[in-house]
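Colleague: Dropping the structure in here first, questions after.
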Amino acid sequence: MFADSNYLSKAEQLDREDPLALFRERFTPPDPGLIYLDGNSLGRLPGHTADWLKEVVTAQWGKSLIRSWNEGWMDLPVRLGDKIARLIGAGPGEVLVCDATSVNLYKLVMAAMGYQEGRNRIISDELNFPSDLYILQGIIDQLGSGYELHLIRSRDGMCIDPDLVAAAIDDNTALLTFTHTYFKSSFVQDMAGITSLAHRKGAMVLWDLSHSVGSVPVDLKACKADLAIGCTYKYLNGGPGSTAFLYVRKDLQTKLQQPIWGWLGSRDPFQFGTQYEPADGISRFLVGTPPVLSMSAIEPALDLHLEAGITALRGKSIRQSAFLLEMYDDWLASLNFTLGSPRASERRGSHIVLRHREASAITRALIYPPADRVTVIPDFRTPDHIRLGIAPIYNSYKDIYTGMQRIREVVESEEYLKIP
Ligand SMILES: Cc1ncc(COP(=O)(O)O)c(C=O)c1O
């Protein structure tokens, strides 16, 4: 493989100076010769998770059996929620770990629409995650005539213009719902600005934090945010399909009623009454029995993030992104790549998108290299996006150097043309 001694020595120097470098050792090492740049899709496995799950399975389930519900299992949704709250600027009792992100979106949008009775407009945008848009379309269909979903168009396919958001809000607007960090371009919305704009017009805002939590600091309290949802399997390393979370601001909790009236969201599930009455606090947004094994896997990774600190993680992510962009400008801009993410770090999350007409073949060449080459795992998003996810908790500067070198090699040598 090509080597560039300037960038290589810079990467090694930055790694030596990195105060978070040792966190890398606390994750299970991948195969040797594998560079993982996909932590924005599925985060790596923390070293402690397997032992912790063994403990939950053998001691808690195996030996304590049903008593474990009273020895911690029942509290898991709120207890883990309180830990996530510390990463997103929420208070205790405002975050709940439950269900999938899409299901939580459904619950909170329906609750908001009930609360905002008389207002019939939901605003989102065409760059939002497809599942979010599908859920919103289904809700409009379910609510029936008179309700509308207004999608703001993107002028550049990468960002959503705040002027268009301002222009879209009218007196009928019940709710705006946006992703905070966009799944394709990594564009970061102005949470404080949009929330205050919406509030001035009596509208609520729901934020999807899936690509922010664990990588981009969020201060829900300072922004006076109403509602939020998010995944735990990306930067939070909770494992494949791990349970999602939702946030409801404290003063809204008793005012909102969620649409799925399950027993665990009721005031006293173990009275086994016949009439539903919602619990008082955040627990009213629960539905059924928590998936204890899946939820338990989230905790070791959460503890690592709390120990590292979200401000330090963000600082490292910005420095690593700047390093990546330096190599991009130097090597790749002349190889028919364009940048698919905002350049300004304050408007960008922790992944960077490189666009190329042959992005699909290049991605496959990186993932399935010849035997004497390093494997690099980014991900591909149609039609021409290569997403390079920087997870500052375990990615080194050398990972980024090696990943970029390999992309350069695959394109310069036209190795990707050999990919069937
Ligand atoms: C921004 C965003 N929202 C929602 C989802 C869907 O999450 P879930 O599969 O937990 O419903 C994803 C999944 O990747 C996502 O990236």
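Starting from 1 in every chain, residues are counted up; chains themselves are A, B, ... following the order of the structure tokens, and ligands are numbered from 1 as listed.
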Please give me, as a list in words, the residues lying within 7 Å of ligand 1 when counting only C-alpha atoms and all ligand atoms.
Modeller: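 If we count only C-alpha atoms and all ligand atoms, the neighbours of ligand 1 turn out to be Ser41, Ala100, Thr101, Ser102, Val103, Phe129, Ser131, Asp132, Thr179, Tyr182, Phe183, Asp208, Leu209, Ser210, His211, Gly230, Cys231, Gly241 and Ala244 of chain A.
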Colleague: Please produce a file of the residues just selected, as a compact mmCIF listing (two decimals), in the first residue's frame, where the atoms kept are N, CA and C atoms.
Modeller:
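The result, stored in part-v1.txt:
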# COMPACT_ATOMS: atom_id res chain seq x y z
N SER A 41 -23.12 3.32 12.30
CA SER A 41 -24.18 2.39 11.92
C SER A 41 -24.35 1.31 13.00
N ALA A 100 -38.30 0.37 19.73
CA ALA A 100 -37.40 0.80 18.64
C ALA A 100 -37.59 2.30 18.43
N THR A 101 -36.62 2.93 17.80
CA THR A 101 -36.72 4.38 17.54
C THR A 101 -38.01 4.71 16.78
N SER A 102 -38.30 3.90 15.76
CA SER A 102 -39.50 4.17 14.95
C SER A 102 -40.76 4.09 15.79
N VAL A 103 -40.82 3.12 16.70
CA VAL A 103 -42.01 2.97 17.56
C VAL A 103 -42.11 4.16 18.51
N PHE A 129 -34.62 10.69 8.06
CA PHE A 129 -34.44 9.25 7.88
C PHE A 129 -35.75 8.64 7.34
N SER A 131 -37.44 5.92 7.69
CA SER A 131 -38.40 5.32 8.63
C SER A 131 -39.20 6.42 9.33
N ASP A 132 -38.54 7.52 9.66
CA ASP A 132 -39.24 8.64 10.31
C ASP A 132 -40.33 9.17 9.37
N THR A 179 -34.27 15.37 12.14
CA THR A 179 -33.11 14.69 12.69
C THR A 179 -32.15 15.77 13.17
N TYR A 182 -27.94 14.53 10.45
CA TYR A 182 -28.58 13.82 9.32
C TYR A 182 -27.81 12.56 8.93
N PHE A 183 -28.60 11.50 8.64
CA PHE A 183 -27.97 10.19 8.43
C PHE A 183 -27.11 10.16 7.18
N ASP A 208 -34.83 13.75 16.40
CA ASP A 208 -34.28 12.39 16.32
C ASP A 208 -32.77 12.52 16.56
N LEU A 209 -32.33 11.97 17.69
CA LEU A 209 -30.92 12.13 18.10
C LEU A 209 -30.06 10.91 17.74
N SER A 210 -30.57 10.03 16.87
CA SER A 210 -29.87 8.76 16.61
C SER A 210 -28.40 8.94 16.26
N HIS A 211 -28.08 9.94 15.43
CA HIS A 211 -26.69 10.12 15.00
C HIS A 211 -25.95 11.16 15.83
N GLY A 230 -34.13 8.35 19.93
CA GLY A 230 -32.81 8.02 19.39
C GLY A 230 -32.47 6.55 19.52
N CYS A 231 -31.45 6.15 18.77
CA CYS A 231 -30.96 4.76 18.76
C CYS A 231 -29.84 4.60 19.78
N GLY A 241 -29.52 -3.86 16.99
CA GLY A 241 -30.94 -3.75 17.32
C GLY A 241 -31.23 -3.43 18.77
N ALA A 244 -34.13 1.37 21.93
CA ALA A 244 -34.00 2.81 21.68
C ALA A 244 -34.38 3.61 22.92
Colleague: So which bits of region 105-349 of chain A end up helix (DSSP H, G or I) when you DSSP the backbone, as a tab-separated table (two decimals) with N, CA and C atoms, in the first residue's frame?
Modeller:
chain	number	residue	atom	x	y	z
A	105	LEU	N	-41.03	7.11	17.96
A	105	LEU	CA	-41.46	8.27	17.16
A	105	LEU	C	-42.99	8.25	17.04
A	106	TYR	N	-43.52	7.09	16.72
A	106	TYR	CA	-44.98	6.96	16.59
A	106	TYR	C	-45.68	7.39	17.89
A	107	LYS	N	-45.18	6.87	19.01
A	107	LYS	CA	-45.83	7.17	20.29
A	107	LYS	C	-45.80	8.68	20.58
A	108	LEU	N	-44.64	9.30	20.37
A	108	LEU	CA	-44.52	10.72	20.74
A	108	LEU	C	-45.23	11.65	19.76
A	109	VAL	N	-45.21	11.30	18.47
A	109	VAL	CA	-45.92	12.15	17.51
A	109	VAL	C	-47.43	12.09	17.79
A	110	MET	N	-47.94	10.89	18.02
A	110	MET	CA	-49.37	10.76	18.31
A	110	MET	C	-49.73	11.51	19.60
A	111	ALA	N	-48.86	11.42	20.59
A	111	ALA	CA	-49.12	12.12	21.85
A	111	ALA	C	-49.13	13.63	21.61
A	112	ALA	N	-48.18	14.12	20.82
A	112	ALA	CA	-48.12	15.56	20.54
A	112	ALA	C	-49.34	16.02	19.75
A	113	MET	N	-49.78	15.21	18.79
A	113	MET	CA	-50.93	15.60	17.97
A	113	MET	C	-52.20	15.67	18.82
A	114	GLY	N	-52.30	14.77	19.80
A	114	GLY	CA	-53.45	14.81	20.71
A	114	GLY	C	-53.42	16.09	21.54
A	115	TYR	N	-52.24	16.45	21.99
A	115	TYR	CA	-52.07	17.64	22.84
A	115	TYR	C	-52.34	18.93	22.06
A	130	PRO	N	-35.68	7.78	6.32
A	130	PRO	CA	-36.91	7.26	5.71
A	130	PRO	C	-37.91	6.67	6.70
A	131	SER	N	-37.44	5.92	7.69
A	131	SER	CA	-38.40	5.32	8.63
A	131	SER	C	-39.20	6.42	9.33
A	132	ASP	N	-38.54	7.52	9.66
A	132	ASP	CA	-39.24	8.64	10.31
A	132	ASP	C	-40.33	9.17	9.37
A	133	LEU	N	-39.99	9.29	8.08
A	133	LEU	CA	-40.98	9.81	7.13
A	133	LEU	C	-42.13	8.82	6.96
A	134	TYR	N	-41.81	7.53	6.94
A	134	TYR	CA	-42.87	6.52	6.78
A	134	TYR	C	-43.83	6.57	7.97
A	135	ILE	N	-43.24	6.67	9.18
A	135	ILE	CA	-44.08	6.73	10.38
A	135	ILE	C	-45.00	7.96	10.31
A	136	LEU	N	-44.45	9.09	9.87
A	136	LEU	CA	-45.25	10.32	9.77
A	136	LEU	C	-46.35	10.15	8.72
A	137	GLN	N	-46.01	9.53	7.60
A	137	GLN	CA	-47.04	9.30	6.56
A	137	GLN	C	-48.16	8.42	7.11
A	138	GLY	N	-47.77	7.39	7.86
A	138	GLY	CA	-48.78	6.48	8.44
A	138	GLY	C	-49.67	7.22	9.43
A	139	ILE	N	-49.07	8.12	10.19
A	139	ILE	CA	-49.85	8.87	11.18
A	139	ILE	C	-50.86	9.79	10.48
A	140	ILE	N	-50.42	10.45	9.42
A	140	ILE	CA	-51.34	11.32	8.67
A	140	ILE	C	-52.50	10.47	8.12
A	141	ASP	N	-52.15	9.29	7.62
A	141	ASP	CA	-53.18	8.39	7.08
A	141	ASP	C	-54.16	7.99	8.18
A	142	GLN	N	-53.60	7.71	9.35
A	142	GLN	CA	-54.44	7.26	10.47
A	142	GLN	C	-55.31	8.41	11.01
A	143	LEU	N	-54.75	9.63	11.06
A	143	LEU	CA	-55.51	10.76	11.62
A	143	LEU	C	-56.64	11.18	10.69
A	162	PRO	N	-32.54	27.12	7.24
A	162	PRO	CA	-33.40	27.59	8.34
A	162	PRO	C	-34.48	28.57	7.87
A	163	ASP	N	-34.22	29.31	6.79
A	163	ASP	CA	-35.27	30.23	6.29
A	163	ASP	C	-36.49	29.46	5.81
A	164	LEU	N	-36.24	28.29	5.21
A	164	LEU	CA	-37.38	27.49	4.72
A	164	LEU	C	-38.16	26.90	5.89
A	165	VAL	N	-37.45	26.58	6.98
A	165	VAL	CA	-38.15	26.08	8.17
A	165	VAL	C	-39.03	27.20	8.72
A	166	ALA	N	-38.46	28.39	8.84
A	166	ALA	CA	-39.22	29.53	9.39
A	166	ALA	C	-40.45	29.79	8.53
A	167	ALA	N	-40.28	29.72	7.21
A	167	ALA	CA	-41.39	30.04	6.31
A	167	ALA	C	-42.50	28.98	6.37
A	168	ALA	N	-42.13	27.76	6.73
A	168	ALA	CA	-43.12	26.67	6.70
A	168	ALA	C	-44.04	26.67	7.91
A	191	MET	N	-30.61	23.23	16.84
A	191	MET	CA	-31.69	22.80	17.72
A	191	MET	C	-32.28	23.98	18.51
A	192	ALA	N	-31.41	24.82	19.05
A	192	ALA	CA	-31.91	25.93	19.88
A	192	ALA	C	-32.72	26.89	19.03
A	193	GLY	N	-32.20	27.26	17.85
A	193	GLY	CA	-32.87	28.24	16.99
A	193	GLY	C	-34.23	27.75	16.52
A	194	ILE	N	-34.27	26.49	16.03
A	194	ILE	CA	-35.53	25.97	15.49
A	194	ILE	C	-36.55	25.79	16.61
A	195	THR	N	-36.09	25.32	17.76
A	195	THR	CA	-37.04	25.09	18.85
A	195	THR	C	-37.67	26.41	19.29
A	196	SER	N	-36.85	27.46	19.40
A	196	SER	CA	-37.45	28.70	19.88
A	196	SER	C	-38.36	29.31	18.81
A	197	LEU	N	-37.99	29.18	17.56
A	197	LEU	CA	-38.85	29.64	16.46
A	197	LEU	C	-40.22	28.94	16.51
A	198	ALA	N	-40.18	27.62	16.69
A	198	ALA	CA	-41.44	26.84	16.73
A	198	ALA	C	-42.27	27.25	17.94
A	199	HIS	N	-41.61	27.39	19.08
A	199	HIS	CA	-42.36	27.73	20.30
A	199	HIS	C	-43.06	29.08	20.16
A	200	ARG	N	-42.39	30.02	19.49
A	200	ARG	CA	-43.02	31.35	19.33
A	200	ARG	C	-44.35	31.24	18.57
A	250	LYS	N	-40.09	17.28	31.35
A	250	LYS	CA	-40.81	16.95	32.59
A	250	LYS	C	-42.24	17.54	32.63
A	251	ASP	N	-42.35	18.84	32.33
A	251	ASP	CA	-43.67	19.48	32.50
A	251	ASP	C	-44.69	19.00	31.48
A	252	LEU	N	-44.21	18.32	30.41
A	252	LEU	CA	-45.15	17.84	29.39
A	252	LEU	C	-45.67	16.44	29.71
A	253	GLN	N	-44.96	15.74	30.61
A	253	GLN	CA	-45.23	14.31	30.75
A	253	GLN	C	-46.68	14.00	31.11
A	263	TRP	N	-49.71	-2.38	29.64
A	263	TRP	CA	-49.80	-2.48	31.11
A	263	TRP	C	-48.63	-1.81	31.82
A	264	LEU	N	-47.41	-1.84	31.21
A	264	LEU	CA	-46.28	-1.25	31.95
A	264	LEU	C	-46.28	0.27	31.92
A	265	GLY	N	-47.13	0.85	31.09
A	265	GLY	CA	-47.30	2.31	31.11
A	265	GLY	C	-48.44	2.74	32.02
A	269	PRO	N	-49.28	-1.60	37.29
A	269	PRO	CA	-49.47	-2.81	36.45
A	269	PRO	C	-49.85	-4.04	37.27
A	270	PHE	N	-49.35	-4.11	38.50
A	270	PHE	CA	-49.55	-5.37	39.24
A	270	PHE	C	-50.85	-5.41	40.03
A	271	GLN	N	-51.68	-4.36	39.83
A	271	GLN	CA	-53.07	-4.44	40.32
A	271	GLN	C	-53.93	-5.22	39.33
A	282	ILE	N	-42.48	9.63	33.43
A	282	ILE	CA	-42.00	9.17	32.11
A	282	ILE	C	-42.44	7.73	31.83
A	283	SER	N	-42.72	6.94	32.90
A	283	SER	CA	-43.10	5.53	32.70
A	283	SER	C	-44.37	5.37	31.89
A	284	ARG	N	-45.18	6.42	31.79
A	284	ARG	CA	-46.41	6.27	30.99
A	284	ARG	C	-46.11	6.05	29.50
A	285	PHE	N	-44.85	6.28	29.11
A	285	PHE	CA	-44.50	6.06	27.71
A	285	PHE	C	-43.99	4.65	27.45
A	292	VAL	N	-34.90	-7.44	28.70
A	292	VAL	CA	-33.82	-7.27	29.68
A	292	VAL	C	-32.45	-7.58	29.09
A	293	LEU	N	-32.35	-8.65	28.30
A	293	LEU	CA	-31.01	-9.03	27.80
A	293	LEU	C	-30.48	-7.97	26.85
A	294	SER	N	-31.33	-7.54	25.95
A	294	SER	CA	-30.89	-6.52	24.99
A	294	SER	C	-30.57	-5.21	25.71
A	295	MET	N	-31.42	-4.85	26.67
A	295	MET	CA	-31.18	-3.57	27.37
A	295	MET	C	-29.93	-3.61	28.23
A	296	SER	N	-29.65	-4.77	28.80
A	296	SER	CA	-28.47	-4.87	29.67
A	296	SER	C	-27.19	-4.60	28.89
A	298	ILE	N	-26.59	-2.43	26.85
A	298	ILE	CA	-26.31	-1.00	26.62
A	298	ILE	C	-25.46	-0.40	27.74
A	299	GLU	N	-25.56	-0.97	28.94
A	299	GLU	CA	-24.99	-0.28	30.10
A	299	GLU	C	-23.46	-0.16	30.09
A	300	PRO	N	-22.70	-1.22	29.79
A	300	PRO	CA	-21.24	-1.05	29.81
A	300	PRO	C	-20.77	0.05	28.86
A	301	ALA	N	-21.41	0.15	27.70
A	301	ALA	CA	-21.00	1.17	26.73
A	301	ALA	C	-21.38	2.56	27.22
A	302	LEU	N	-22.54	2.66	27.85
A	302	LEU	CA	-22.96	3.97	28.38
A	302	LEU	C	-21.97	4.45	29.44
A	303	ASP	N	-21.55	3.51	30.28
A	303	ASP	CA	-20.60	3.88	31.34
A	303	ASP	C	-19.29	4.40	30.74
A	304	LEU	N	-18.87	3.77	29.64
A	304	LEU	CA	-17.62	4.25	28.99
A	304	LEU	C	-17.79	5.68	28.48
A	305	HIS	N	-18.95	5.97	27.89
A	305	HIS	CA	-19.18	7.33	27.37
A	305	HIS	C	-19.24	8.35	28.49
A	306	LEU	N	-19.87	7.95	29.60
A	306	LEU	CA	-19.96	8.90	30.71
A	306	LEU	C	-18.57	9.16	31.29
A	307	GLU	N	-17.75	8.11	31.32
A	307	GLU	CA	-16.38	8.27	31.84
A	307	GLU	C	-15.55	9.16	30.90
A	308	ALA	N	-15.66	8.94	29.61
A	308	ALA	CA	-14.86	9.73	28.65
A	308	ALA	C	-15.36	11.18	28.61
A	310	ILE	N	-18.76	13.65	27.07
A	310	ILE	CA	-19.21	13.98	25.71
A	310	ILE	C	-18.44	15.18	25.13
A	311	THR	N	-18.01	16.10	25.99
A	311	THR	CA	-17.28	17.27	25.46
A	311	THR	C	-15.92	16.82	24.91
A	312	ALA	N	-15.25	15.94	25.66
A	312	ALA	CA	-13.95	15.46	25.19
A	312	ALA	C	-14.11	14.63	23.91
A	313	LEU	N	-15.17	13.82	23.86
A	313	LEU	CA	-15.40	12.99	22.66
A	313	LEU	C	-15.64	13.87	21.43
A	314	ARG	N	-16.44	14.90	21.62
A	314	ARG	CA	-16.72	15.80	20.50
A	314	ARG	C	-15.44	16.52	20.05
A	315	GLY	N	-14.63	16.96	21.01
A	315	GLY	CA	-13.38	17.64	20.66
A	315	GLY	C	-12.51	16.73	19.80
A	316	LYS	N	-12.41	15.46	20.21
A	316	LYS	CA	-11.58	14.53	19.44
A	316	LYS	C	-12.19	14.28	18.06
A	317	SER	N	-13.50	14.14	18.01
A	317	SER	CA	-14.16	13.89	16.72
A	317	SER	C	-13.88	15.05	15.75
A	318	ILE	N	-13.92	16.27	16.26
A	318	ILE	CA	-13.67	17.44	15.39
A	318	ILE	C	-12.21	17.43	14.91
A	319	ARG	N	-11.28	17.11	15.82
A	319	ARG	CA	-9.87	17.08	15.40
A	319	ARG	C	-9.63	15.95	14.39
A	320	GLN	N	-10.28	14.80	14.61
A	320	GLN	CA	-10.09	13.68	13.68
A	320	GLN	C	-10.71	14.01	12.32
A	321	SER	N	-11.86	14.69	12.34
A	321	SER	CA	-12.50	15.06	11.07
A	321	SER	C	-11.62	16.04	10.30
A	322	ALA	N	-11.00	16.98	11.02
A	322	ALA	CA	-10.12	17.95	10.35
A	322	ALA	C	-8.95	17.23	9.70
A	323	PHE	N	-8.41	16.23	10.40
A	323	PHE	CA	-7.29	15.43	9.86
A	323	PHE	C	-7.74	14.69	8.59
A	324	LEU	N	-8.94	14.11	8.66
A	324	LEU	CA	-9.47	13.38	7.50
A	324	LEU	C	-9.65	14.34	6.31
A	325	LEU	N	-10.19	15.53	6.59
A	325	LEU	CA	-10.44	16.48	5.50
A	325	LEU	C	-9.15	16.99	4.87
A	326	GLU	N	-8.11	17.08	5.69
A	326	GLU	CA	-6.80	17.48	5.14
A	326	GLU	C	-6.35	16.46	4.09
A	327	MET	N	-6.48	15.18	4.43
A	327	MET	CA	-6.07	14.14	3.47
A	327	MET	C	-7.02	14.10	2.27
A	328	TYR	N	-8.31	14.34	2.54
A	328	TYR	CA	-9.28	14.39	1.44
A	328	TYR	C	-8.86	15.47	0.42
A	329	ASP	N	-8.59	16.67	0.94
A	329	ASP	CA	-8.22	17.78	0.04
A	329	ASP	C	-6.94	17.46	-0.73
A	330	ASP	N	-6.02	16.85	-0.04
A	330	ASP	CA	-4.71	16.58	-0.63
A	330	ASP	C	-4.76	15.44	-1.66
A	331	TRP	N	-5.49	14.39	-1.34
A	331	TRP	CA	-5.42	13.18	-2.18
A	331	TRP	C	-6.66	12.92	-3.03
A	332	LEU	N	-7.85	13.16	-2.45
A	332	LEU	CA	-9.04	12.61	-3.09
A	332	LEU	C	-9.83	13.61	-3.93
A	333	ALA	N	-9.71	14.90	-3.58
A	333	ALA	CA	-10.51	15.90	-4.31
A	333	ALA	C	-10.19	15.84	-5.81
A	334	SER	N	-8.94	15.48	-6.14
A	334	SER	CA	-8.56	15.42	-7.56
A	334	SER	C	-8.89	14.07	-8.20
A	335	LEU	N	-9.48	13.16	-7.43
A	335	LEU	CA	-9.79	11.83	-7.97
A	335	LEU	C	-11.31	11.68	-8.18
A	345	SER	N	-17.26	22.56	10.99
A	345	SER	CA	-17.39	21.48	11.97
A	345	SER	C	-18.61	21.67	12.87
A	346	GLU	N	-19.01	22.93	13.12
A	346	GLU	CA	-20.16	23.13	14.02
A	346	GLU	C	-21.47	22.71	13.36
A	347	ARG	N	-21.47	22.51	12.06
A	347	ARG	CA	-22.69	22.07	11.36
A	347	ARG	C	-22.57	20.62	10.91
Colleague: Wanna dump the region 300-408 of chain A-region 144-161 of chain A contacts at 10 Å for me, each residue with its shortest atom pair and the distance in Å to one decimal, counting only C-alpha atoms, ordered by chain and number, as a Markdown table?
Modeller:
| residue | atom | partner | partner_atom | distance |
| --- | --- | --- | --- | --- |
| A:Gly340 | CA | A:Met158 | CA | 6.8 |
| A:Ser341 | CA | A:Met158 | CA | 6.7 |
| A:Pro342 | CA | A:Met158 | CA | 7.5 |
| A:Arg347 | CA | A:Cys159 | CA | 9.2 |
Colleague: Those same residues - C-alpha atoms - I'd like them written as a PDB file, in the first residue's frame.
Modeller:
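Listed below is the output, result-v5.pdb:
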ATOM      1  CA  GLY A 340     -21.059  15.290   0.761  1.00  0.00           C
ATOM      2  CA  SER A 341     -20.944  16.823   4.259  1.00  0.00           C
ATOM      3  CA  PRO A 342     -20.763  20.422   5.450  1.00  0.00           C
ATOM      4  CA  ARG A 347     -22.687  22.073  11.359  1.00  0.00           C
TER       5      ARG A 347
END
Colleague: Contacts of Trp69 (chain A) at 12 Å or less, counting only C-alpha atoms, minus same-chain residues fewer than 2 places along, as a PyMOL selection string?
Modeller: chain A and resi 56+60-61+64-67+71-76+289-292
Colleague: Please produce an output containing N, CA and C atoms for each residue in the selection, written as a compact mmCIF listing (two decimals), in the first residue's frame.
Modeller:
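Output file again.txt follows:
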# COMPACT_ATOMS: atom_id res chain seq x y z
N VAL A 56 -25.68 -11.33 33.72
CA VAL A 56 -27.13 -11.14 33.69
C VAL A 56 -27.82 -12.48 33.40
N GLN A 60 -28.38 -13.49 37.22
CA GLN A 60 -29.70 -12.86 37.43
C GLN A 60 -30.84 -13.74 36.92
N TRP A 61 -30.72 -14.20 35.67
CA TRP A 61 -31.78 -15.05 35.12
C TRP A 61 -31.64 -16.48 35.67
N SER A 64 -31.27 -16.10 40.22
CA SER A 64 -32.31 -15.33 40.94
C SER A 64 -33.69 -15.49 40.31
N LEU A 65 -33.69 -15.89 39.05
CA LEU A 65 -34.95 -16.10 38.34
C LEU A 65 -35.91 -14.93 38.49
N ILE A 66 -37.17 -15.18 38.77
CA ILE A 66 -38.18 -14.10 38.69
C ILE A 66 -37.94 -12.99 39.73
N ARG A 67 -37.18 -13.31 40.77
CA ARG A 67 -36.89 -12.27 41.78
C ARG A 67 -36.12 -11.10 41.18
N GLU A 71 -35.19 -6.87 41.60
CA GLU A 71 -33.81 -6.57 41.98
C GLU A 71 -33.10 -5.77 40.89
N GLY A 72 -33.85 -5.05 40.07
CA GLY A 72 -33.21 -4.18 39.08
C GLY A 72 -33.82 -4.22 37.69
N TRP A 73 -34.39 -5.35 37.30
CA TRP A 73 -34.87 -5.43 35.92
C TRP A 73 -36.00 -4.42 35.64
N MET A 74 -36.92 -4.28 36.58
CA MET A 74 -38.07 -3.40 36.36
C MET A 74 -37.62 -1.94 36.19
N ASP A 75 -36.52 -1.60 36.86
CA ASP A 75 -36.06 -0.20 36.82
C ASP A 75 -35.19 0.11 35.60
N LEU A 76 -34.84 -0.92 34.82
CA LEU A 76 -33.88 -0.70 33.73
C LEU A 76 -34.26 0.44 32.78
N THR A 289 -43.25 -5.43 28.49
CA THR A 289 -42.13 -5.90 29.30
C THR A 289 -40.78 -5.52 28.68
N PRO A 290 -39.87 -4.92 29.45
CA PRO A 290 -38.58 -4.54 28.86
C PRO A 290 -37.77 -5.77 28.41
N PRO A 291 -37.11 -5.69 27.24
CA PRO A 291 -36.25 -6.80 26.79
C PRO A 291 -34.93 -6.75 27.57
N VAL A 292 -34.90 -7.44 28.70
CA VAL A 292 -33.82 -7.27 29.68
C VAL A 292 -32.45 -7.58 29.09
Colleague: Give me the residues within 9 Å of region 82-86 of chain A as JSON, numbers by chain, counting only C-alpha atoms and dropping any in the same chain fewer than 3 places off.
Modeller: {"A": [77, 78, 79, 89, 90, 91, 92, 93, 94, 95, 96, 97, 213, 214, 245, 247, 299, 302, 303, 306]}
Colleague: Between A:Tyr276, A:Phe178, A:Phe23, A:Tyr235, which residue has the minimum interatomic distance to Leu87 (chain A), considering only C-alpha atoms?
Modeller: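 That would be A:Tyr235, the residue with the smallest distance to Leu87 (chain A).
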Colleague: Could you work out how far CA of Cys98 (chain A) lies from CA of Ser242 (chain A), giving the answer in Å with one decimal?
Modeller: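 CA of Cys98 (chain A) lies 9.4 Å from CA of Ser242 (chain A).
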Colleague: From a DSSP pass on the backbone, collect the residues of region 126-218 of chain A flagged as strand (DSSP E) and hand them back as a ChimeraX atom specification.
Modeller: /A:148-152,173-179,204-208
Colleague: Just the selected residues (C-alpha atoms), exported as a short mmCIF file (atom, residue, chain, number, x, y, z; two decimals), in the first residue's frame, please.
Modeller:
data_model
loop_
_atom_site.label_atom_id
_atom_site.label_comp_id
_atom_site.auth_asym_id
_atom_site.auth_seq_id
_atom_site.Cartn_x
_atom_site.Cartn_y
_atom_site.Cartn_z
CA GLU A 148 -51.09 17.22 6.37
CA LEU A 149 -47.39 16.43 6.34
CA HIS A 150 -45.31 19.26 4.91
CA LEU A 151 -41.82 18.23 3.78
CA ILE A 152 -39.23 20.98 3.45
CA THR A 173 -48.54 23.74 12.74
CA ALA A 174 -48.74 21.26 15.59
CA LEU A 175 -45.30 19.71 15.39
CA LEU A 176 -41.94 19.94 13.64
CA THR A 177 -39.79 16.85 13.58
CA PHE A 178 -36.22 16.77 12.33
CA THR A 179 -33.11 14.69 12.69
CA MET A 204 -43.77 21.64 19.40
CA VAL A 205 -40.53 20.08 18.14
CA LEU A 206 -39.40 16.45 18.21
CA TRP A 207 -35.71 15.69 17.58
CA ASP A 208 -34.28 12.39 16.32
#
Colleague: How many Å separate CA of Gly273 (chain A) from CA of Val287 (chain A)?
Modeller: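 Interatomic distance here is 15.6 Å.
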Colleague: Report, in Å with one decimal, the straight-line distance from CA of Asp38 (chain A) to CA of Ser5 (chain A).
Modeller: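 Between CA of Asp38 (chain A) and CA of Ser5 (chain A) the gap works out to 25.6 Å.
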Colleague: Taking only C-alpha atoms into account, which of A:Ser185, A:Val216, A:Gly33, A:Ala371 comes nearest Arg355 (chain A)?
Modeller: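 Checking each candidate against Arg355 (chain A), we get A:Ser185 as the closest.
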Colleague: Which residues, written as a ChimeraX atom specification, have at least one atom at most 12 Å from region 27-29 of chain A, with only C-alpha atoms counted and residues fewer than 2 positions away on the same chain left out?
Modeller: /A:21-25,31-36,43-51,237,300-301,304,391,393-395
Colleague: Just want the 12 Å neighbourhood of region 408-420 of chain A, counted on only C-alpha atoms, with same-chain residues fewer than 6 positions away dropped. Output as a ChimeraX atom specification.
Modeller: /A:1-4,327-337,354,356-370,373-376,401-402
Colleague: Nearest residue to Ile377 (chain A) out of A:Arg406, A:Leu339, A:Leu286, A:Ala297, using only C-alpha atoms?
Modeller: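 Among the listed residues, the smallest separation from Ile377 (chain A) belongs to A:Arg406.
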Colleague: Using only C-alpha atoms, which residues sit within 7 Å of Asn104 (chain A) once same-chain residues fewer than 5 positions away are excluded, as a list in words?
Modeller: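 These residues fall inside the cut-off: Asp99, Ile229 and Leu246 of chain A.
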